[in-house]
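Engineer: What follows is model32.cif; its format and atoms are mmCIF, C-alpha atoms.
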```cif
data_protein
#
loop_
_atom_site.label_atom_id
_atom_site.label_comp_id
_atom_site.auth_asym_id
_atom_site.auth_seq_id
_atom_site.Cartn_x
_atom_site.Cartn_y
_atom_site.Cartn_z
CA MET A 23 152.69 127.72 39.79
CA ILE A 24 154.02 128.86 43.17
CA ALA A 25 156.65 131.59 43.29
CA LEU A 26 159.39 132.13 45.83
CA LEU A 27 158.47 134.81 48.35
CA LYS A 28 160.73 137.82 47.87
CA SER A 29 158.74 140.58 49.47
CA SER A 30 159.44 144.28 49.66
CA GLY A 31 157.54 147.54 49.88
CA ARG A 32 154.19 148.17 51.51
CA MET A 33 152.31 145.33 53.18
CA ASP A 34 148.63 145.44 54.19
CA GLN A 35 145.68 143.06 54.36
CA GLY A 36 145.93 142.48 50.61
CA ARG A 37 149.73 142.23 50.86
CA TYR A 38 151.62 144.00 48.09
CA TYR A 39 154.85 142.39 46.90
CA VAL A 40 156.54 144.79 44.49
CA ASN A 41 154.50 144.42 41.28
CA LEU A 42 152.01 141.87 42.57
CA GLN A 43 149.00 142.28 44.82
CA PHE A 44 148.09 138.96 46.38
CA GLU A 45 145.15 137.77 48.46
CA GLU A 46 144.09 134.32 49.64
CA ARG A 47 141.29 132.76 51.66
CA PRO A 48 140.34 129.33 53.00
CA ALA A 49 137.89 127.20 51.03
CA GLU A 50 134.63 125.58 52.03
CA SER A 51 135.36 122.28 50.30
CA PRO A 52 137.55 119.69 52.07
CA LEU A 53 139.12 118.97 48.68
CA VAL A 54 140.56 122.49 48.37
CA GLU A 55 143.63 123.78 50.19
CA ARG A 56 143.12 127.47 49.45
CA ILE A 57 141.72 130.00 46.97
CA TRP A 58 143.78 132.97 45.83
CA ARG A 59 143.83 135.92 43.46
CA SER A 60 146.50 138.33 42.31
CA TYR A 61 147.01 141.36 40.12
CA SER A 62 150.16 142.50 38.35
CA GLU A 63 151.09 146.15 38.00
CA ALA A 64 154.11 145.60 35.77
CA ALA A 65 155.98 142.77 34.08
CA SER A 66 158.07 140.66 36.44
CA GLU A 67 160.44 137.72 36.24
CA PHE A 68 160.44 135.23 39.10
CA VAL A 69 161.14 131.63 40.07
CA SER A 70 158.32 129.10 40.02
CA ILE A 71 159.28 126.65 42.77
CA ALA A 72 158.57 122.97 43.28
CA SER A 73 155.03 122.29 44.46
CA ILE A 74 152.93 119.21 45.27
CA ASN A 75 149.57 120.71 44.33
CA TYR A 76 147.21 120.33 41.40
CA GLY A 77 145.13 123.40 40.63
CA ILE A 78 143.05 125.57 38.34
CA VAL A 79 143.95 129.15 37.38
CA VAL A 80 141.78 131.72 35.59
CA THR A 81 143.78 134.43 33.82
CA LYS A 82 142.50 137.77 32.52
CA LEU A 83 144.93 139.44 30.14
CA GLU A 84 144.53 141.99 27.37
CA GLY A 85 140.73 141.73 27.41
CA LYS A 86 140.68 137.94 27.21
CA THR A 87 139.97 135.27 29.82
CA PHE A 88 141.24 131.71 29.84
CA ILE A 89 141.38 128.85 32.33
CA THR A 90 144.33 126.54 32.90
CA VAL A 91 144.80 123.23 34.71
CA ARG A 92 148.21 122.93 36.36
CA GLY A 93 149.89 120.02 38.08
CA PRO A 94 152.74 119.63 40.56
CA GLU A 95 156.24 120.90 39.84
CA THR A 96 159.31 118.89 40.78
CA LYS A 97 161.93 121.60 40.23
CA ALA A 98 162.39 125.35 40.17
CA THR A 99 162.01 127.06 36.79
CA PRO A 100 162.19 130.67 35.60
CA ALA A 101 158.77 132.24 35.00
CA TYR A 102 157.35 135.50 33.71
CA GLY A 103 154.42 137.58 34.94
CA PRO A 104 152.93 139.87 32.27
CA PRO A 105 151.84 143.42 33.14
CA ASN A 106 148.23 144.38 33.88
CA ALA A 107 147.03 140.82 34.38
CA GLU A 108 144.62 139.26 36.86
CA TRP A 109 144.59 135.71 38.17
CA CYS A 110 142.28 133.62 40.33
CA GLY A 111 143.45 130.21 41.48
CA ILE A 112 142.05 127.14 43.22
CA VAL A 113 144.70 124.99 44.92
CA PHE A 114 143.53 121.43 45.54
CA LYS A 115 144.77 119.11 48.23
CA PRO A 116 147.07 116.30 47.02
CA GLY A 117 145.05 113.46 45.52
CA THR A 118 142.32 115.72 44.09
CA PHE A 119 142.16 115.98 40.29
CA ILE A 120 140.01 116.14 37.16
CA PRO A 121 139.83 112.52 35.89
CA HIS A 122 140.49 113.21 32.21
CA LEU A 123 143.38 115.57 33.10
CA PRO A 124 145.34 113.62 35.74
CA ALA A 125 148.31 115.22 37.47
CA ASN A 126 150.93 113.41 35.40
CA MET A 127 149.53 115.03 32.21
CA VAL A 128 149.87 118.61 33.47
CA MET A 129 152.86 118.55 35.80
CA ASP A 130 156.14 120.44 35.46
CA ARG A 131 154.58 123.37 33.61
CA GLN A 132 152.86 121.20 30.98
CA ASP A 133 149.69 123.20 31.62
CA ALA A 134 146.40 122.43 29.86
CA ASN A 135 144.28 125.38 28.69
CA LEU A 136 140.60 124.45 28.47
CA PRO A 137 138.86 125.54 25.22
CA GLU A 138 136.92 128.80 25.17
CA ALA A 139 133.11 128.57 24.82
CA GLY A 140 132.47 132.32 24.90
CA SER A 141 133.81 135.51 26.42
CA GLN A 142 132.65 134.39 29.88
CA SER A 143 132.72 130.61 29.56
CA PHE A 144 134.81 127.56 28.65
CA TRP A 145 134.20 123.97 27.59
CA LEU A 146 134.65 121.07 30.01
CA GLN A 147 133.56 117.57 29.04
CA GLY A 148 131.00 118.79 26.52
CA LYS A 149 129.42 121.50 28.68
CA ALA A 150 129.91 125.24 28.80
CA TRP A 151 130.97 126.50 32.23
CA GLU A 152 131.22 130.09 33.45
CA TYR A 153 134.68 131.11 34.56
CA PRO A 154 134.92 130.98 38.36
CA ASP A 155 136.14 133.95 40.35
CA PHE A 156 137.51 134.54 43.85
CA ASP A 157 134.05 134.88 45.39
CA ASN A 158 132.19 132.00 43.71
CA ALA A 159 135.02 129.46 43.50
CA ASP A 160 133.44 127.31 46.24
CA THR A 161 130.22 126.98 44.23
CA PHE A 162 132.25 126.11 41.12
CA VAL A 163 134.12 123.36 43.00
CA GLU A 164 130.91 121.89 44.43
CA ARG A 165 129.41 121.71 40.94
CA LEU A 166 132.51 119.95 39.62
CA ILE A 167 132.25 117.38 42.41
CA ARG A 168 128.51 116.90 41.91
CA GLU A 169 128.97 116.19 38.21
CA GLY A 170 131.88 113.79 38.77
CA LEU A 171 134.45 116.09 37.16
CA LEU A 172 136.55 116.49 40.28
CA VAL A 173 137.49 113.43 42.33
CA ARG A 174 139.54 112.57 45.40
CA GLU A 175 141.81 109.54 45.87
CA ASN A 176 141.40 108.60 49.55
CA VAL A 177 144.54 106.44 49.44
CA VAL A 178 146.61 109.64 49.43
CA ASP A 179 145.38 110.88 52.81
CA ALA A 180 145.77 107.44 54.33
CA ALA A 181 149.31 107.07 52.99
CA LEU A 182 150.35 110.51 54.21
CA GLN A 183 149.00 109.71 57.66
CA GLY A 184 150.68 106.30 57.75
CA GLN A 185 147.41 104.42 58.04
CA VAL A 186 147.19 100.77 57.01
CA GLN A 187 145.02 100.12 53.95
CA ASP A 188 143.35 97.00 52.63
CA LEU A 189 145.61 97.25 49.60
CA SER A 190 149.03 95.91 48.76
CA LEU A 191 151.97 98.32 48.96
CA ARG A 192 152.29 98.17 45.19
CA SER A 193 148.62 99.06 44.64
CA THR A 194 148.84 101.90 47.14
CA GLN A 195 151.93 103.31 45.45
CA ARG A 196 150.34 103.03 42.00
CA ARG A 197 147.16 104.86 43.06
CA PHE A 198 149.20 107.48 44.90
CA VAL A 199 151.27 108.28 41.81
CA GLN A 200 148.24 108.20 39.49
CA SER A 201 146.37 110.77 41.57
CA THR A 202 149.22 113.10 42.58
CA GLY A 203 151.76 112.68 39.78
CA LEU A 204 154.39 112.09 42.49
CA SER A 205 155.69 109.23 44.55
CA HIS A 206 155.19 109.47 48.30
CA GLY A 207 158.93 110.05 48.70
CA SER A 208 159.04 112.83 46.08
CA LEU A 209 156.08 114.57 47.65
CA ARG A 210 157.73 114.59 51.07
CA GLN A 211 161.02 115.87 49.59
CA ILE A 212 159.24 118.81 47.97
CA GLU A 213 157.37 119.64 51.16
CA ARG A 214 160.57 119.41 53.19
CA ALA A 215 162.32 121.84 50.82
CA ARG A 216 159.42 124.28 51.12
CA GLN A 217 159.49 123.99 54.90
CA ALA A 218 163.25 124.59 54.90
CA THR A 219 162.71 127.75 52.83
CA LEU A 220 160.09 129.07 55.23
CA LEU A 221 162.30 128.34 58.22
CA LEU A 222 165.22 130.19 56.63
CA GLN A 223 162.98 133.14 55.79
CA ASN A 224 161.79 133.21 59.40
CA GLY A 225 165.32 133.50 60.77
CA SER A 226 166.47 129.92 61.38
CA GLY A 227 170.13 129.22 60.78
CA ILE A 228 171.26 126.90 58.00
CA LEU A 229 172.68 124.24 60.33
CA ASP A 230 169.55 124.42 62.49
CA VAL A 231 167.41 123.69 59.41
CA VAL A 232 169.70 120.80 58.42
CA GLU A 233 169.26 119.20 61.83
CA ARG A 234 165.59 120.01 62.29
CA LEU A 235 164.44 118.63 58.94
CA GLY A 236 166.81 115.68 58.74
CA TYR A 237 169.10 116.65 55.85
CA ALA A 238 172.34 114.70 55.74
CA ASP A 239 174.48 117.84 55.86
CA GLN A 240 174.63 121.43 54.61
CA PRO A 241 175.64 120.48 51.02
CA HIS A 242 172.61 118.17 50.88
CA LEU A 243 170.33 121.04 51.89
CA THR A 244 172.03 123.39 49.42
CA ARG A 245 171.67 120.98 46.48
CA THR A 246 168.03 120.31 47.28
CA LEU A 247 167.02 123.96 47.63
CA LYS A 248 168.92 124.98 44.52
CA HIS A 249 167.03 122.32 42.54
CA MET A 250 163.55 122.76 44.05
CA ILE A 251 163.51 126.41 45.13
CA GLY A 252 166.04 127.89 42.71
CA GLN A 253 168.24 129.40 45.41
CA THR A 254 170.84 128.28 47.93
CA PRO A 255 170.10 128.66 51.65
CA ALA A 256 172.42 131.66 51.82
CA GLN A 257 170.61 133.34 48.93
CA ILE A 258 167.22 132.73 50.52
CA ILE A 259 168.41 134.41 53.72
CA ARG A 260 170.29 137.26 52.01
CA ASP A 261 168.18 138.15 48.98
CA SER A 262 164.61 137.88 50.24
CA THR A 263 163.96 141.58 49.51
CA LEU A 264 166.06 142.10 46.40
CA GLU A 265 164.12 140.45 43.58
CA PRO A 266 160.52 141.17 42.55
CA LEU A 267 157.41 139.10 42.88
CA GLY A 268 156.92 136.16 45.11
CA TYR A 269 154.61 133.96 47.05
CA LEU A 270 155.31 130.93 49.21
CA TYR A 271 152.55 129.88 51.57
CA LYS A 272 152.71 127.51 54.50
CA SER A 273 151.35 124.26 53.14
CA LEU A 274 148.58 122.55 55.07
CA LEU A 275 150.53 119.33 54.61
CA LEU A 276 152.83 119.65 57.62
CA TYR A 277 154.05 116.76 59.69
CA GLU A 278 153.60 116.85 63.44
CA ASP A 279 157.30 116.37 64.08
CA GLU A 280 158.21 119.20 61.70
CA PRO A 281 156.26 122.29 62.88
CA LEU A 282 156.90 125.68 61.37
CA PRO A 283 157.00 129.00 63.21
#
```
I need this file expressed as structure tokens, please.

Structural biologist:
Amino acid sequence: MIALLKSSGRMDQGRYYVNLQFEERPAESPLVERIWRSYSEAASEFVSIASINYGIVVTKLEGKTFITVRGPETKATPAYGPPNAEWCGIVFKPGTFIPHLPANMVMDRQDANLPEAGSQSFWLQGKAWEYPDFDNADTFVERLIREGLLVRENVVDAALQGQVQDLSLRSTQRRFVQSTGLSHGSLRQIERARQATLLLQNGSGILDVVERLGYADQPHLTRTLKHMIGQTPAQIIRDSTLEPLGYLYKSLLLYEDEPLP
């Protein structure tokens, strides 16, 4: 789940956004895009925006801990953040997934909670695993890879980079969708909408974003952002400090001809 950035109030190294304290760091594994954690101080409603990523989130709430596998999201949906909760998340690069929980099984908020093995552990493929945290997430990921419980579809990187593969177009498309839950076209549309949002938040004009990112016209941009981000371009520009809770990072999946500020 990735929320629309609507920041206000004090900002420091940990970055406080109204009722949410958020922190992120790079990962050691080439399969991971980033590792993050957050804490809520009060209940908040927000918009979970479209996202291309598959990930794992550990939640601590009311004295209990549970771990969730989440897939990509193709549209914006309302979401709720409970008070006094803690989260730690691992965001994987597109094409990385747990084989028995592929992206198409857990996408669009159809999250899968893994069964509890104890107060500090959960079950995964017949073994009890300790819940990872912000500091040891890299070790957790390496163990998943070593035991074959986290895999990477190399076709995804090649397709995103436009490299020719020794596979038919149909086979490439099938493996791309199986590993990401999205078609190549859908993935690029989501990333373009996220880039448009970041550009608008950084002061670009609506028509400039239309031209820069190749939208047909302003109504096309408006329809897309309303569907995938949950706001129109004008709302993104105007209301970025009015609603609580939000987070929208610059994806590592940026195209050379579409740089962001």

Engineer: So the first atom is CA of Pro100 in chain A and the second is CA of Ala256 in chain A; what is the distance between them in Å, to one decimal place?

Structural biologist: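 A separation of 19.2 Å between them.
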
Engineer: Do you know which residues are at most 7 Å from range 118-131 of chain A counting only C-alpha atoms, after dropping those on the same chain fewer than 3 positions away, and could you put them as a list in words?

Structural biologist: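 What passes the distance filter is Leu53, Tyr76, Val91, Arg92, Gly93, Pro94, Glu95, Thr96, Phe114, Lys115, Ala134, Leu171, Leu172, Val173, Arg174, Glu175, Ser201, Thr202 and Gly203 of chain A.
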
Engineer: I'd like the neighbourhood of His242 in chain A as a list of chain:residue names, where a residue qualifies if any of its atoms comes within 12 Å (using all atoms listed in the file), though same-chain residues fewer than 4 positions away should be ignored.

Structural biologist: A:Gln211, A:Ala215, A:Ile228, A:Leu229, A:Val231, A:Val232, A:Glu233, A:Leu235, A:Gly236, A:Tyr237, A:Ala238, A:Thr246, A:Leu247, A:Lys248, A:His249, A:Thr254, A:Pro255

Engineer: Keeping only C-alpha atoms, write the selected residues as an mmCIF file, in the frame of the given file.

Structural biologist:
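Saved result, result-v3.cif, follows:
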```
data_model
loop_
_atom_site.group_PDB
_atom_site.id
_atom_site.type_symbol
_atom_site.label_atom_id
_atom_site.label_comp_id
_atom_site.auth_asym_id
_atom_site.auth_seq_id
_atom_site.Cartn_x
_atom_site.Cartn_y
_atom_site.Cartn_z
ATOM 1 C CA GLN A 211 161.020 115.870 49.590
ATOM 2 C CA ALA A 215 162.320 121.840 50.820
ATOM 3 C CA ILE A 228 171.260 126.900 58.000
ATOM 4 C CA LEU A 229 172.680 124.240 60.330
ATOM 5 C CA VAL A 231 167.410 123.690 59.410
ATOM 6 C CA VAL A 232 169.700 120.800 58.420
ATOM 7 C CA GLU A 233 169.260 119.200 61.830
ATOM 8 C CA LEU A 235 164.440 118.630 58.940
ATOM 9 C CA GLY A 236 166.810 115.680 58.740
ATOM 10 C CA TYR A 237 169.100 116.650 55.850
ATOM 11 C CA ALA A 238 172.340 114.700 55.740
ATOM 12 C CA THR A 246 168.030 120.310 47.280
ATOM 13 C CA LEU A 247 167.020 123.960 47.630
ATOM 14 C CA LYS A 248 168.920 124.980 44.520
ATOM 15 C CA HIS A 249 167.030 122.320 42.540
ATOM 16 C CA THR A 254 170.840 128.280 47.930
ATOM 17 C CA PRO A 255 170.100 128.660 51.650
#
```

Engineer: Starting from the shown file, work through the PyMOL selection byres ((chain A and resi 143) around 12) and note down what comes out as a PyMOL selection string.

Structural biologist: chain A and resi 80+86-89+136-142+144-146+149-155

Engineer: Of the candidates A:Pro52, A:Leu243, A:Leu83, A:Glu46, which one gets nearest to Ile167 in chain A if we count only C-alpha atoms?

Structural biologist: A:Pro52

Engineer: Can you measure CA of Arg59 in chain A to CA of Gly77 in chain A for me? One decimal in Å is fine.

Structural biologist: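 It comes out at 12.9 Å.
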
Engineer: Applying the PyMOL selection byres ((chain A and resi 178) around 9) to the file I just gave you, which residues come out? Please list them as a list in words.

Structural biologist: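 Selection result, ordered by chain and number: Pro116, Gly117, Arg174, Glu175, Asn176, Val177, Asp179, Ala180, Ala181, Leu182, Gln183, Thr194, Arg197, Phe198, Ser201, Thr202 and His206 of chain A.
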
Engineer: Would you work out the distance separating CA of Arg47 in chain A from CA of Ile258 in chain A, expressed in Å to one decimal?

Structural biologist: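 So the two atoms, CA of Arg47 in chain A and CA of Ile258 in chain A, lie 26.0 Å apart.
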
Engineer: For Ser208 in chain A, which residue out of A:Ala72, A:Ile78, A:Ile57, A:Ala65 is the nearest one, using only C-alpha atoms?

Structural biologist: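 Using only C-alpha atoms, the shortest distance to Ser208 in chain A belongs to A:Ala72.
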
Engineer: Starting from the point (165.0, 121.4, 41.4), work out which residues of protein, DNA or RNA have an atom no more than 6 Å away when counting all atoms listed in the file; state them as a list in words.

Structural biologist: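 Residues lying no farther than 6 Å from the given point: Lys97, Ala98, His249 and Met250 of chain A.
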